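Raw contents of protein.txt, compact mmCIF, C-alpha atoms and all ligand atoms:
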```txt
# COMPACT_ATOMS: atom_id res chain seq x y z
CA MET A 7 11.40 4.24 17.82
CA LYS A 8 7.81 5.12 18.69
CA SER A 9 5.02 5.68 16.21
CA ASN A 10 3.74 9.21 16.83
CA GLN A 11 1.57 9.59 13.77
CA LYS A 12 -1.87 11.13 14.04
CA ILE A 13 -4.60 10.09 11.64
CA PHE A 14 -7.59 12.18 10.59
CA LEU A 15 -10.34 10.68 8.47
CA PHE A 16 -12.94 12.60 6.53
CA GLU A 17 -15.59 11.66 4.02
CA ASP A 18 -17.03 13.68 1.22
CA SER A 19 -19.89 15.20 3.19
CA THR A 20 -17.61 16.49 5.93
CA PHE A 21 -14.77 17.75 3.79
CA GLN A 22 -12.83 19.63 6.41
CA THR A 23 -9.71 21.53 5.74
CA LEU A 24 -6.19 20.34 6.01
CA SER A 25 -5.44 23.51 7.97
CA ASP A 26 -7.90 22.32 10.64
CA ALA A 27 -6.22 18.93 10.74
CA LEU A 28 -2.79 20.56 11.03
CA LEU A 29 -4.06 22.71 13.88
CA LYS A 30 -5.73 19.77 15.63
CA ALA A 31 -2.51 17.81 15.31
CA GLN A 32 -0.81 20.84 16.86
CA ILE A 33 1.61 21.19 13.99
CA GLY A 34 -0.11 24.07 12.18
CA ASN A 35 2.25 26.75 13.40
CA ALA A 36 5.43 24.75 13.67
CA PHE A 37 6.63 25.35 10.09
CA ASN A 38 7.56 28.44 8.19
CA ASP A 39 7.52 26.77 4.83
CA LEU A 40 5.75 23.90 3.10
CA ILE A 41 6.35 21.99 -0.10
CA ILE A 42 3.91 19.68 -1.81
CA LEU A 43 5.02 16.53 -3.58
CA VAL A 44 2.61 15.27 -6.23
CA ASP A 45 2.77 12.99 -9.23
CA GLU A 46 1.52 14.00 -12.67
CA ASN A 47 -1.98 12.65 -11.97
CA THR A 48 -2.45 13.92 -8.45
CA ALA A 49 -1.17 17.32 -9.59
CA LEU A 50 -4.06 17.41 -12.03
CA HIS A 51 -6.86 15.73 -10.07
CA CYS A 52 -6.07 16.21 -6.38
CA TYR A 53 -3.98 19.34 -5.97
CA PRO A 54 -6.88 21.65 -6.96
CA LEU A 55 -8.92 20.19 -4.07
CA LEU A 56 -6.10 20.57 -1.58
CA GLU A 57 -4.99 23.99 -2.74
CA LYS A 58 -8.14 25.59 -1.34
CA GLN A 59 -7.38 24.15 2.07
CA LEU A 60 -3.80 25.13 2.59
CA PRO A 61 -3.01 27.40 5.51
CA GLN A 62 -2.97 30.96 4.15
CA PRO A 63 0.26 32.33 5.62
CA LEU A 64 2.34 29.54 4.11
CA GLN A 65 3.80 30.03 0.71
CA ASN A 66 3.30 26.75 -1.08
CA ARG A 67 5.51 25.19 -3.67
CA ILE A 68 5.07 22.05 -5.70
CA ILE A 69 7.36 19.26 -6.86
CA VAL A 70 5.90 17.03 -9.56
CA VAL A 71 7.27 13.52 -10.15
CA PRO A 72 6.28 10.92 -12.77
CA HIS A 73 3.33 8.72 -11.81
CA GLY A 74 3.66 5.04 -10.90
CA GLU A 75 6.50 2.82 -9.73
CA SER A 76 8.96 4.48 -12.10
CA ALA A 77 9.10 7.37 -9.61
CA LYS A 78 10.51 5.15 -6.85
CA THR A 79 14.10 5.42 -8.09
CA MET A 80 17.37 7.01 -7.03
CA ALA A 81 17.16 9.30 -10.07
CA VAL A 82 13.84 10.73 -8.87
CA VAL A 83 15.15 10.98 -5.28
CA SER A 84 18.01 13.04 -6.69
CA ASP A 85 15.60 15.22 -8.67
CA VAL A 86 13.35 15.87 -5.64
CA THR A 87 16.42 16.62 -3.50
CA GLN A 88 17.64 19.16 -6.05
CA LYS A 89 14.26 20.88 -6.04
CA LEU A 90 14.15 20.96 -2.23
CA LEU A 91 17.57 22.60 -2.31
CA ARG A 92 16.49 25.07 -4.96
CA PHE A 93 13.48 26.00 -2.79
CA GLY A 94 15.86 26.64 0.10
CA SER A 95 14.24 23.98 2.28
CA THR A 96 15.34 23.72 5.88
CA ARG A 97 14.45 21.48 8.77
CA ASN A 98 11.49 23.81 9.30
CA THR A 99 10.05 22.86 5.93
CA LEU A 100 7.03 20.57 6.00
CA LEU A 101 6.74 18.19 3.05
CA ILE A 102 3.17 17.23 2.10
CA ASN A 103 2.96 14.00 0.11
CA LEU A 104 -0.22 14.26 -1.94
CA GLY A 105 -0.71 11.02 -3.82
CA GLY A 106 -0.83 7.28 -3.67
CA GLY A 107 1.64 4.92 -2.05
CA VAL A 108 4.35 5.83 -4.54
CA VAL A 109 4.30 9.49 -3.52
CA SER A 110 4.17 8.67 0.22
CA ASP A 111 6.96 6.05 -0.06
CA LEU A 112 9.16 8.34 -2.16
CA GLY A 113 8.37 11.55 -0.29
CA GLY A 114 8.70 9.87 3.07
CA PHE A 115 12.10 8.51 2.02
CA VAL A 116 13.40 11.87 0.84
CA ALA A 117 12.04 13.57 3.98
CA SER A 118 13.76 10.99 6.18
CA VAL A 119 17.21 11.62 4.70
CA PHE A 120 17.17 15.25 3.47
CA LYS A 121 19.30 17.23 5.94
CA ARG A 122 19.08 14.14 8.18
CA GLY A 123 15.33 14.41 8.28
CA ILE A 124 12.58 16.96 7.74
CA PRO A 125 8.96 16.51 8.86
CA TYR A 126 6.34 15.28 6.44
CA ILE A 127 2.64 14.49 6.29
CA ASN A 128 0.75 12.11 4.03
CA VAL A 129 -2.43 13.02 2.20
CA PRO A 130 -3.33 9.72 0.52
CA THR A 131 -5.33 9.91 -2.71
CA SER A 132 -5.54 6.24 -3.72
CA LEU A 133 -7.55 3.57 -1.89
CA LEU A 134 -4.38 1.57 -1.32
CA ALA A 135 -2.63 4.49 0.31
CA MET A 136 -5.73 5.27 2.40
CA VAL A 137 -6.00 1.76 3.82
CA ASP A 138 -2.31 0.97 4.09
CA ALA A 139 0.65 2.81 2.59
CA SER A 140 0.08 6.22 4.19
CA VAL A 141 0.49 4.95 7.74
CA GLY A 142 3.21 2.98 9.42
CA GLY A 143 6.35 4.96 8.66
CA LYS A 144 7.85 2.61 6.06
CA THR A 145 9.41 4.69 3.30
CA GLY A 146 11.38 3.51 0.33
CA ILE A 147 12.29 3.21 -3.30
CA ASN A 148 12.95 0.29 -5.64
CA PHE A 149 16.34 -0.82 -6.92
CA HIS A 150 16.28 -2.24 -10.45
CA HIS A 151 13.21 -4.48 -10.21
CA TYR A 152 13.64 -5.21 -6.49
CA LYS A 153 10.74 -3.62 -4.64
CA ASN A 154 11.42 -1.31 -1.72
CA LEU A 155 15.01 -2.51 -1.44
CA ILE A 156 16.23 0.85 -0.16
CA GLY A 157 14.27 2.58 2.57
CA THR A 158 13.90 3.87 6.09
CA PHE A 159 11.45 3.90 8.96
CA CYS A 160 10.25 7.45 9.51
CA PHE A 161 6.75 8.35 10.68
CA PRO A 162 4.63 11.10 9.15
CA GLU A 163 3.53 13.84 11.52
CA LEU A 164 -0.02 13.43 10.28
CA VAL A 165 -2.07 11.35 7.88
CA TYR A 166 -5.04 13.21 6.43
CA VAL A 167 -7.54 10.88 4.72
CA ASN A 168 -10.37 12.25 2.61
CA THR A 169 -12.35 9.84 0.43
CA ARG A 170 -13.34 12.68 -1.90
CA PHE A 171 -10.01 12.27 -3.70
CA LEU A 172 -11.10 8.78 -4.81
CA SER A 173 -13.64 10.04 -7.36
CA THR A 174 -10.93 10.30 -10.03
CA LEU A 175 -9.04 7.10 -9.17
CA PRO A 176 -8.81 4.67 -12.14
CA GLN A 177 -10.54 1.27 -11.75
CA ASN A 178 -7.35 -0.81 -11.73
CA HIS A 179 -6.11 1.27 -8.80
CA TRP A 180 -9.44 0.83 -7.02
CA ARG A 181 -8.82 -2.94 -7.36
CA SER A 182 -5.33 -2.40 -6.04
CA GLY A 183 -6.74 -0.93 -2.83
CA MET A 184 -9.17 -3.83 -2.66
CA GLY A 185 -6.13 -6.17 -2.73
CA GLU A 186 -4.78 -4.65 0.48
CA LEU A 187 -8.27 -4.68 2.04
CA PHE A 188 -8.41 -8.42 1.20
CA LYS A 189 -5.38 -8.84 3.48
CA TYR A 190 -7.17 -7.19 6.41
CA ALA A 191 -10.16 -9.50 5.96
CA LEU A 192 -7.82 -12.45 6.59
CA ILE A 193 -5.95 -11.07 9.57
CA SER A 194 -8.76 -9.45 11.55
CA PRO A 195 -12.40 -10.33 12.28
CA GLU A 196 -13.18 -6.58 12.09
CA ILE A 197 -13.38 -6.84 8.29
CA THR A 198 -15.09 -9.76 6.59
CA ILE A 199 -14.74 -11.13 3.09
CA GLU A 200 -18.50 -10.54 2.73
CA ASP A 201 -17.92 -6.80 3.46
CA LEU A 202 -15.51 -6.70 0.54
CA ARG A 203 -17.78 -8.62 -1.81
CA GLN A 204 -20.44 -5.92 -1.24
CA LEU A 205 -18.11 -2.94 -1.74
CA ARG A 206 -18.34 -1.49 -5.24
CA SER A 207 -17.24 2.16 -5.39
CA GLU A 208 -15.97 5.20 -3.56
CA THR A 209 -19.53 6.44 -3.02
CA ASP A 210 -20.44 3.33 -1.00
CA SER A 211 -21.35 4.32 2.56
CA GLU A 212 -19.48 1.29 3.85
CA LEU A 213 -16.18 2.57 2.50
CA LEU A 214 -15.19 5.00 5.25
CA PRO A 215 -15.91 2.47 8.04
CA LEU A 216 -13.72 -0.06 6.18
CA ILE A 217 -10.89 2.47 5.79
CA THR A 218 -11.21 3.40 9.47
CA LYS A 219 -11.05 -0.25 10.54
CA SER A 220 -8.08 -1.01 8.25
CA LEU A 221 -6.09 1.90 9.58
CA ALA A 222 -6.91 0.94 13.16
CA ILE A 223 -5.72 -2.63 12.52
CA LYS A 224 -2.50 -1.40 10.93
CA GLN A 225 -1.92 1.30 13.52
CA LYS A 226 -2.25 -1.23 16.33
CA LEU A 227 0.31 -3.57 14.77
CA VAL A 228 2.67 -0.66 14.06
CA GLU A 229 2.46 0.53 17.66
CA ILE A 230 3.31 -2.94 18.95
CA ASP A 231 6.13 -3.45 16.46
CA PRO A 232 7.16 -0.16 14.78
CA LEU A 233 10.34 -1.55 13.20
CA ASP A 234 8.69 -4.60 11.65
CA LYS A 235 10.60 -7.23 13.58
CA ASN A 236 7.76 -9.55 14.55
CA GLU A 237 4.00 -8.86 14.94
CA ARG A 238 3.93 -6.37 12.09
CA HIS A 239 4.94 -9.16 9.71
CA LEU A 240 1.26 -10.06 9.76
CA LEU A 241 0.74 -7.24 7.26
CA ASN A 242 2.83 -9.24 4.80
CA VAL A 243 0.03 -11.72 4.13
CA GLY A 244 0.09 -12.44 0.40
CA HIS A 245 3.24 -10.39 -0.10
CA THR A 246 5.82 -13.17 -0.59
CA ILE A 247 4.23 -14.43 -3.80
CA GLY A 248 2.63 -11.02 -4.42
CA HIS A 249 5.92 -9.11 -4.56
CA ALA A 250 7.55 -11.78 -6.77
CA PHE A 251 4.53 -11.69 -9.11
CA GLU A 252 4.61 -7.88 -9.23
CA SER A 253 8.36 -7.80 -9.89
CA ALA A 254 8.13 -10.48 -12.60
CA CYS A 255 5.35 -8.44 -14.26
CA ALA A 256 7.49 -5.28 -14.12
CA GLU A 257 10.43 -7.13 -15.65
CA SER A 258 8.23 -8.53 -18.43
CA GLY A 259 6.57 -5.16 -19.13
CA ILE A 260 3.16 -6.36 -17.89
CA ARG A 261 0.86 -3.75 -16.32
CA MET A 262 0.08 -4.84 -12.77
CA THR A 263 -0.84 -2.81 -9.71
CA HIS A 264 0.61 -3.59 -6.29
CA GLY A 265 -2.70 -4.61 -4.73
CA GLU A 266 -3.70 -6.78 -7.70
CA ALA A 267 -0.39 -8.60 -7.22
CA VAL A 268 -1.05 -8.90 -3.48
CA ALA A 269 -4.50 -10.40 -4.20
CA ALA A 270 -2.81 -13.02 -6.41
CA GLY A 271 -0.30 -13.64 -3.61
CA ILE A 272 -3.09 -14.06 -1.06
CA LEU A 273 -4.76 -16.74 -3.19
CA ALA A 274 -1.47 -18.62 -3.69
CA GLU A 275 -0.48 -18.37 -0.02
CA CYS A 276 -3.94 -19.44 1.22
CA TYR A 277 -3.56 -22.45 -1.07
CA MET A 278 -0.22 -23.19 0.65
CA SER A 279 -1.98 -22.86 4.03
CA SER A 280 -4.62 -25.34 2.96
CA ILE A 281 -1.93 -27.86 1.94
CA MET A 282 0.55 -27.27 4.78
CA SER A 283 -1.38 -26.17 7.82
CA GLY A 284 -5.03 -27.18 7.51
CA PHE A 285 -6.55 -23.81 6.46
CA PRO A 286 -10.27 -24.73 6.42
CA ALA A 287 -11.91 -25.58 3.09
CA HIS A 288 -14.92 -23.28 3.67
CA ARG A 289 -12.55 -20.35 4.27
CA MET A 290 -10.54 -21.23 1.16
CA ASP A 291 -13.82 -21.20 -0.80
CA GLN A 292 -14.57 -17.65 0.44
CA VAL A 293 -11.09 -16.52 -0.59
CA ILE A 294 -11.50 -18.08 -4.05
CA HIS A 295 -14.95 -16.45 -4.49
CA LEU A 296 -13.74 -12.96 -3.72
CA PHE A 297 -10.66 -13.46 -5.89
CA VAL A 298 -12.67 -14.80 -8.84
CA GLU A 299 -15.28 -12.01 -8.61
CA GLN A 300 -13.08 -9.00 -8.06
CA PHE A 301 -9.61 -9.80 -9.38
CA ALA A 302 -9.20 -12.84 -11.65
CA PRO A 303 -11.01 -11.50 -14.77
CA PHE A 304 -8.82 -8.40 -14.83
CA TYR A 305 -5.31 -9.87 -15.16
CA GLU A 306 -4.78 -9.20 -18.85
CA GLN A 307 -1.38 -10.86 -19.07
CA LEU A 308 0.54 -13.14 -16.73
CA PRO A 309 4.32 -13.45 -16.43
CA ASP A 310 6.14 -16.73 -16.99
CA PRO A 311 5.96 -18.40 -13.53
CA MET A 312 9.73 -19.08 -13.75
CA ALA A 313 10.33 -15.31 -13.90
CA MET A 314 9.23 -15.08 -10.24
CA ASN A 315 12.05 -17.32 -8.94
CA PRO A 316 14.87 -14.76 -8.58
CA PHE A 317 12.52 -12.38 -6.80
CA LEU A 318 11.30 -15.09 -4.43
CA THR A 319 14.84 -15.97 -3.43
CA HIS A 320 15.70 -12.30 -2.73
CA ASP A 321 12.58 -11.49 -0.72
CA LYS A 322 13.41 -9.40 2.39
CA LYS A 323 11.37 -11.79 4.56
CA ASN A 324 13.58 -14.78 3.73
CA GLN A 325 15.91 -16.28 6.29
CA GLY A 326 19.02 -17.78 4.73
CA ARG A 327 17.95 -19.69 1.65
CA GLU A 328 14.44 -20.42 2.87
CA ILE A 329 11.44 -18.70 1.34
CA MET A 330 9.15 -17.47 4.12
CA ALA A 331 5.44 -16.60 4.01
CA ILE A 332 2.59 -15.87 6.42
CA LEU A 333 0.31 -18.90 6.48
CA PHE A 334 -2.89 -19.71 8.42
CA ASP A 335 -3.63 -22.76 10.55
CA GLU A 336 -6.80 -24.84 10.86
CA HIS A 337 -8.31 -22.20 13.19
CA GLU A 338 -7.48 -19.47 10.66
CA LYS A 339 -4.83 -18.12 13.03
CA PRO A 340 -1.78 -16.69 11.28
CA ILE A 341 1.55 -18.47 11.42
CA LEU A 342 4.25 -15.82 11.04
CA ASN A 343 7.21 -16.50 8.77
CA ARG A 344 6.62 -20.12 7.92
CA PRO A 345 9.35 -21.67 5.70
CA ILE A 346 7.85 -22.91 2.45
CA PRO A 347 9.10 -26.15 0.83
CA PRO A 348 10.53 -25.20 -2.59
CA THR A 349 8.25 -27.69 -4.38
CA LEU A 350 5.09 -26.07 -3.00
CA VAL A 351 5.79 -22.69 -4.58
CA PRO A 352 5.30 -23.77 -8.22
CA GLU A 353 2.25 -25.80 -7.17
CA ALA A 354 0.67 -22.72 -5.53
CA ILE A 355 1.49 -20.56 -8.55
CA ASN A 356 -0.02 -23.20 -10.80
CA PHE A 357 -3.21 -23.11 -8.67
CA LEU A 358 -3.27 -19.32 -8.99
CA TYR A 359 -2.87 -19.41 -12.77
CA GLN A 360 -5.51 -22.12 -13.19
CA THR A 361 -7.96 -20.11 -11.08
CA ILE A 362 -7.34 -17.03 -13.23
CA HIS A 363 -7.69 -18.98 -16.50
CA GLY A 364 -10.88 -20.66 -15.20
CA ALA A 365 -12.43 -17.32 -14.21
CA ARG A 366 -11.56 -15.78 -17.57
CA GLN A 367 -13.27 -18.65 -19.43
CA ASN A 368 -16.45 -18.12 -17.39
CA THR A 369 -16.73 -14.38 -18.10
N1 LIG B 1 4.89 2.12 2.95
C1 LIG B 1 3.99 1.19 3.09
O1 LIG B 1 3.66 0.76 4.21
C2 LIG B 1 3.33 0.63 1.87
C3 LIG B 1 2.28 -0.28 1.99
C4 LIG B 1 1.66 -0.74 0.84
C5 LIG B 1 2.11 -0.31 -0.40
N2 LIG B 1 3.16 0.53 -0.47
C6 LIG B 1 3.63 1.03 -1.78
O2 LIG B 1 2.60 1.79 -2.36
C7 LIG B 1 2.77 1.79 -3.78
C8 LIG B 1 1.44 1.58 -4.43
O3 LIG B 1 0.58 2.62 -4.04
P1 LIG B 1 -0.63 3.04 -4.97
O4 LIG B 1 -1.38 1.85 -5.37
O5 LIG B 1 -1.33 4.13 -4.31
O6 LIG B 1 0.12 3.52 -6.31
P2 LIG B 1 0.40 4.95 -6.94
O7 LIG B 1 0.89 5.90 -5.95
O8 LIG B 1 1.23 4.69 -8.13
O9 LIG B 1 -1.05 5.44 -7.38
C9 LIG B 1 -1.73 4.70 -8.34
C10 LIG B 1 -2.01 5.51 -9.63
O10 LIG B 1 -3.17 6.26 -9.40
C11 LIG B 1 -2.90 7.64 -9.60
N3 LIG B 1 -3.69 8.32 -8.62
C12 LIG B 1 -3.54 8.28 -7.27
N4 LIG B 1 -4.54 8.93 -6.69
C13 LIG B 1 -5.34 9.38 -7.69
C14 LIG B 1 -6.56 10.11 -7.72
N5 LIG B 1 -7.19 10.44 -6.60
N6 LIG B 1 -7.09 10.42 -8.91
C15 LIG B 1 -6.49 10.03 -10.07
N7 LIG B 1 -5.35 9.31 -10.10
C16 LIG B 1 -4.79 9.00 -8.91
C17 LIG B 1 -1.40 7.79 -9.46
O11 LIG B 1 -0.93 8.89 -10.19
C18 LIG B 1 -0.91 6.48 -10.03
O12 LIG B 1 -0.88 6.55 -11.44
C19 LIG B 1 3.76 0.71 -4.08
O13 LIG B 1 4.98 1.29 -4.47
C20 LIG B 1 3.92 -0.06 -2.77
O14 LIG B 1 5.19 -0.61 -2.63
C21 LIG B 1 3.76 1.03 0.63
```

Please render this file's structure as C-alpha cells.
Ligand SMILES: NC(=O)c1ccc[n+]([C@@H]2O[C@H](COP(=O)([O-])OP(=O)(O)OC[C@H]3O[C@@H](n4cnc5c(N)ncnc54)[C@H](O)[C@@H]3O)[C@@H](O)[C@H]2O)c1
Amino acid sequence: MKSNQKIFLFEDSTFQTLSDALLKAQIGNAFNDLIILVDENTALHCYPLLEKQLPQPLQNRIIVVPHGESAKTMAVVSDVTQKLLRFGSTRNTLLINLGGGVVSDLGGFVASVFKRGIPYINVPTSLLAMVDASVGGKTGINFHHYKNLIGTFCFPELVYVNTRFLSTLPQNHWRSGMGELFKYALISPEITIEDLRQLRSETDSELLPLITKSLAIKQKLVEIDPLDKNERHLLNVGHTIGHAFESACAESGIRMTHGEAVAAGILAECYMSSIMSGFPAHRMDQVIHLFVEQFAPFYEQLPDPMAMNPFLTHDKKNQGREIMAILFDEHEKPILNRPIPPTLVPEAINFLYQTIHGARQNT
C-alpha cells in the first residue's frame, strides 16, 4: 500500500477555498456527489466556514455525529452507514470529514468499508488533527474502552489544513494538540521543546510552521512505513502509558483528552528511558519543564494507577506478554519497541503522579 495523500496548508490570512484545493489535487471533478461528516461542535463552529467554499455544482449533504470519543463506536458507524445509504451514496461519493481526530478516524473508517471503499478527504479542525490524526491513513473506532481496536489503513485523497478553524477550539483540546506536538519535539530536531514552551495560541505566527513541520515528519515516516510495521512506530512515543492512562480515565468517568494523556505518557516513558537506557538528565529536565508548565496543572482528576493495568497488557504494541514502549538512549536516539520490566511501569506512573501533584501544589 502506498500513501498517496496530498496535503494543503493554509493560514488565516490566506484562507483559500477547498474547491481550489480539490482542483489542485486534481480531484475536483471526479465526484458527482459529496457528503460532509461533522460532529455537533464542528457543525456549529466550522461548517459555516466551509460551506462558503464548497464547489458550487455539488449538492452537499451533512451527517452529524455526537462529539468526542463516544462517536467512535459500532453504533455510530451503523448510523453513518444508514445515512449514507439513505443519501444514495455510491463509489463516486466523496466523504468530507470536517472535525477533529474523532471525525477523521470514524469517517475514514466508514469510507474504507462502505461499499468496499469510497474516497474521503480530511478537513481537520482541532490542533491534534492538524498535526497528526488527519494524515497517515489510520482509521478506526474503539471497542468498549479499548482504543482504536477496530480499524483499517485507508488514505484520504486530500488533507486540507486551515488554522482559522482553531479560533473556536476549547483550551483543553488546544492542550491535546500540544501533547502530540510534544511527541514531535522528542523524535525530530526540526521541532524543539523551546518552540513549544513559547507557543501560546492559534494566533501565534509560529503555529503554521510547527504544523507544517509536524506533518512533514509524520508524512515522511508514513511513506517509509505506511502499514505501521516498523519505522512508523516512532509516532507511538508516549502512547503505551498514554493510551492506558486515557482508557483508565474513560473507564473511571474522568475527563481527559487524547493529547493530554499522551503528554502524561511521554513524561512516564522518558522517566523509563532515564532509568533503563541513559536518557540524559538535561533532556529529562526539559521534558519535565514543558510538562509542568503546560500540562500538569490541568489534570483535574487522576485514575487509580491500578486501573491502567488491563489496558497496558492489551496494548496493540505488545509482543506476547511483554509491554513495549518507545524509549530513548543516552544520545536521545529512539529505541523502537523496547520491552519494559513489569516493575518499572508502576515506578514510572508514580513519578508521573508525583510530578503532577508537585506542580499542582506550586500553582
Ligand atoms: N488516525 C490517527 O493517526 C490518529 C492520530 C492521533 C489521534 N487520533 C485520534 O484522534 C482522536 C482525538 O482527536 P481530537 O483531539 O481532535 O478530538 P475530537 O475530534 O474529539 O475533537 C476535540 C473536541 O473539540 C471539538 N472541536 C474540534 N474542532 C473544533 C473547532 N474548531 N471548534 C470548536 N470545537 C471543535 C470536537 O467537537 C470535540 O468535542 C482520538 O480518538 C485519537 O485516537 C488518531

Adding 4 Å on each side of the box along x, y and z that holds all listed atoms of segment 88-93 of chain A, could you give its centre and edge lengths in Å to one decimal, as AutoDock Vina command-line options?
```
--center_x 15.6 --center_y 22.6 --center_z -4.1 --size_x 12.2 --size_y 14.8 --size_z 11.8
```

Excluding Ile341 of chain A and its own-chain neighbours fewer than 2 positions away, which residues fall within 10 Å of it when counting only C-alpha atoms? Please give them as a compact mmCIF listing (two decimals) with C-alpha atoms, in the frame of the given file.
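New file result-v6.txt:
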```txt
# COMPACT_ATOMS: atom_id res chain seq x y z
CA LEU A 240 1.26 -10.06 9.76
CA SER A 279 -1.98 -22.86 4.03
CA SER A 283 -1.38 -26.17 7.82
CA ALA A 331 5.44 -16.60 4.01
CA ILE A 332 2.59 -15.87 6.42
CA LEU A 333 0.31 -18.90 6.48
CA PHE A 334 -2.89 -19.71 8.42
CA ASP A 335 -3.63 -22.76 10.55
CA GLU A 338 -7.48 -19.47 10.66
CA LYS A 339 -4.83 -18.12 13.03
CA ASN A 343 7.21 -16.50 8.77
CA ARG A 344 6.62 -20.12 7.92
```

Would you mind listing the residues within 6 Å of ligand LIG 1 (chain B), counting all atoms listed in the file, as a PyMOL selection string?
chain A and resi 45+47-48+51-52+73-75+105-109+111+131-132+134-135+138-139+142+144-145+171-172+174-175+179+182+264

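Residues lying within 7 Å of segment 351-360 of chain A, counting only C-alpha atoms and ignoring same-chain neighbours fewer than 5 positions away, are Ala270, Leu273, Ala274, Tyr277 and Met278 of chain A.
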
Dump C-alpha atoms for the selected residues as a CSV table (one decimal), in the coordinates of the input?
```
chain,number,residue,atom,x,y,z
A,270,ALA,CA,-2.8,-13.0,-6.4
A,273,LEU,CA,-4.8,-16.7,-3.2
A,274,ALA,CA,-1.5,-18.6,-3.7
A,277,TYR,CA,-3.6,-22.4,-1.1
A,278,MET,CA,-0.2,-23.2,0.6
```

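Between atom CA of Gly364 of chain A and atom CA of Pro303 of chain A lies a distance of 9.2 Å.
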
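Nearest to Leu112 of chain A of all the residues A:Val82, A:Ala302, A:Ile346, A:Val293 is A:Val82, counting only C-alpha atoms.
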
Extract, using only C-alpha atoms, all DNA, RNA and protein residues at most 7 Å from Ala250 of chain A, discarding same-chain residues fewer than 2 positions from it, and format them as a PyMOL selection string.
chain A and resi 246-248+252-254+314+317-318

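The space between atom CA of Pro162 of chain A and atom CA of Pro130 of chain A spans 11.8 Å.
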
From the options A:Ile294, A:Ser76, A:Leu214, A:Ile127, which residue's atoms come nearest to Arg170 of chain A, counting only C-alpha atoms?
A:Leu214

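Using only C-alpha atoms, the shortest contact distance between Phe37 of chain A and any of A:Phe93, A:Phe285, A:Tyr126, A:Phe120 is found at A:Tyr126.
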
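The two atoms in question, atom CA of Thr169 of chain A and atom CA of Glu229 of chain A, are spaced 24.6 Å apart.
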
Just want the 9 Å neighbourhood of segment 83-86 of chain A, counted on all atoms listed in the file, with same-chain residues fewer than 4 positions away dropped. Output as a PyMOL selection string.
chain A and resi 43+69-71+77-79+90-91+112-113+115-116+147

As JSON, numbers by chain, please: the residues near segment 53-62 of chain A (cut-off 6 Å, all atoms listed in the file, same-chain neighbours under 5 positions excluded).
{"A": [23, 24, 25]}

Nearest to Ala27 of chain A among A:Asn103, A:Thr158, A:Ser118, A:Asn168, with distances taken over only C-alpha atoms: which residue is it?
A:Asn168

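With all atoms listed in the file as the basis for measurement, A:Ser110 is the residue among A:Ser110, A:Gln292, A:Ser207, A:Gln367 that approaches Cys160 of chain A most closely.
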
Could segment 115-119 of chain A be completed with all heavy atoms and returned as an mmCIF file, in the frame of the given file?
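Result file is selection.cif:
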```
data_model
loop_
_atom_site.group_PDB
_atom_site.id
_atom_site.type_symbol
_atom_site.label_atom_id
_atom_site.label_comp_id
_atom_site.auth_asym_id
_atom_site.auth_seq_id
_atom_site.Cartn_x
_atom_site.Cartn_y
_atom_site.Cartn_z
ATOM 1 N N PHE A 115 10.671 8.855 2.067
ATOM 2 C CA PHE A 115 12.100 8.510 2.020
ATOM 3 C C PHE A 115 12.964 9.762 1.914
ATOM 4 O O PHE A 115 13.916 9.937 2.684
ATOM 5 C CB PHE A 115 12.375 7.566 0.832
ATOM 6 C CG PHE A 115 13.827 7.182 0.720
ATOM 7 C CD1 PHE A 115 14.436 6.401 1.694
ATOM 8 C CD2 PHE A 115 14.601 7.629 -0.350
ATOM 9 C CE1 PHE A 115 15.775 6.066 1.616
ATOM 10 C CE2 PHE A 115 15.945 7.293 -0.443
ATOM 11 C CZ PHE A 115 16.535 6.505 0.540
ATOM 12 N N VAL A 116 12.613 10.639 0.994
ATOM 13 C CA VAL A 116 13.400 11.870 0.840
ATOM 14 C C VAL A 116 13.358 12.669 2.151
ATOM 15 O O VAL A 116 14.393 13.136 2.639
ATOM 16 C CB VAL A 116 12.874 12.731 -0.337
ATOM 17 C CG1 VAL A 116 13.610 14.063 -0.394
ATOM 18 C CG2 VAL A 116 13.046 11.991 -1.656
ATOM 19 N N ALA A 117 12.154 12.785 2.740
ATOM 20 C CA ALA A 117 12.040 13.570 3.980
ATOM 21 C C ALA A 117 12.897 12.959 5.090
ATOM 22 O O ALA A 117 13.458 13.674 5.915
ATOM 23 C CB ALA A 117 10.572 13.629 4.421
ATOM 24 N N SER A 118 13.020 11.638 5.085
ATOM 25 C CA SER A 118 13.760 10.990 6.180
ATOM 26 C C SER A 118 15.266 11.189 6.071
ATOM 27 O O SER A 118 15.972 11.062 7.057
ATOM 28 C CB SER A 118 13.428 9.498 6.243
ATOM 29 O OG SER A 118 14.015 8.814 5.157
ATOM 30 N N VAL A 119 15.753 11.490 4.862
ATOM 31 C CA VAL A 119 17.210 11.620 4.700
ATOM 32 C C VAL A 119 17.668 13.045 4.369
ATOM 33 O O VAL A 119 18.833 13.384 4.586
ATOM 34 C CB VAL A 119 17.775 10.626 3.646
ATOM 35 C CG1 VAL A 119 17.684 9.197 4.142
ATOM 36 C CG2 VAL A 119 17.075 10.762 2.295
#
```
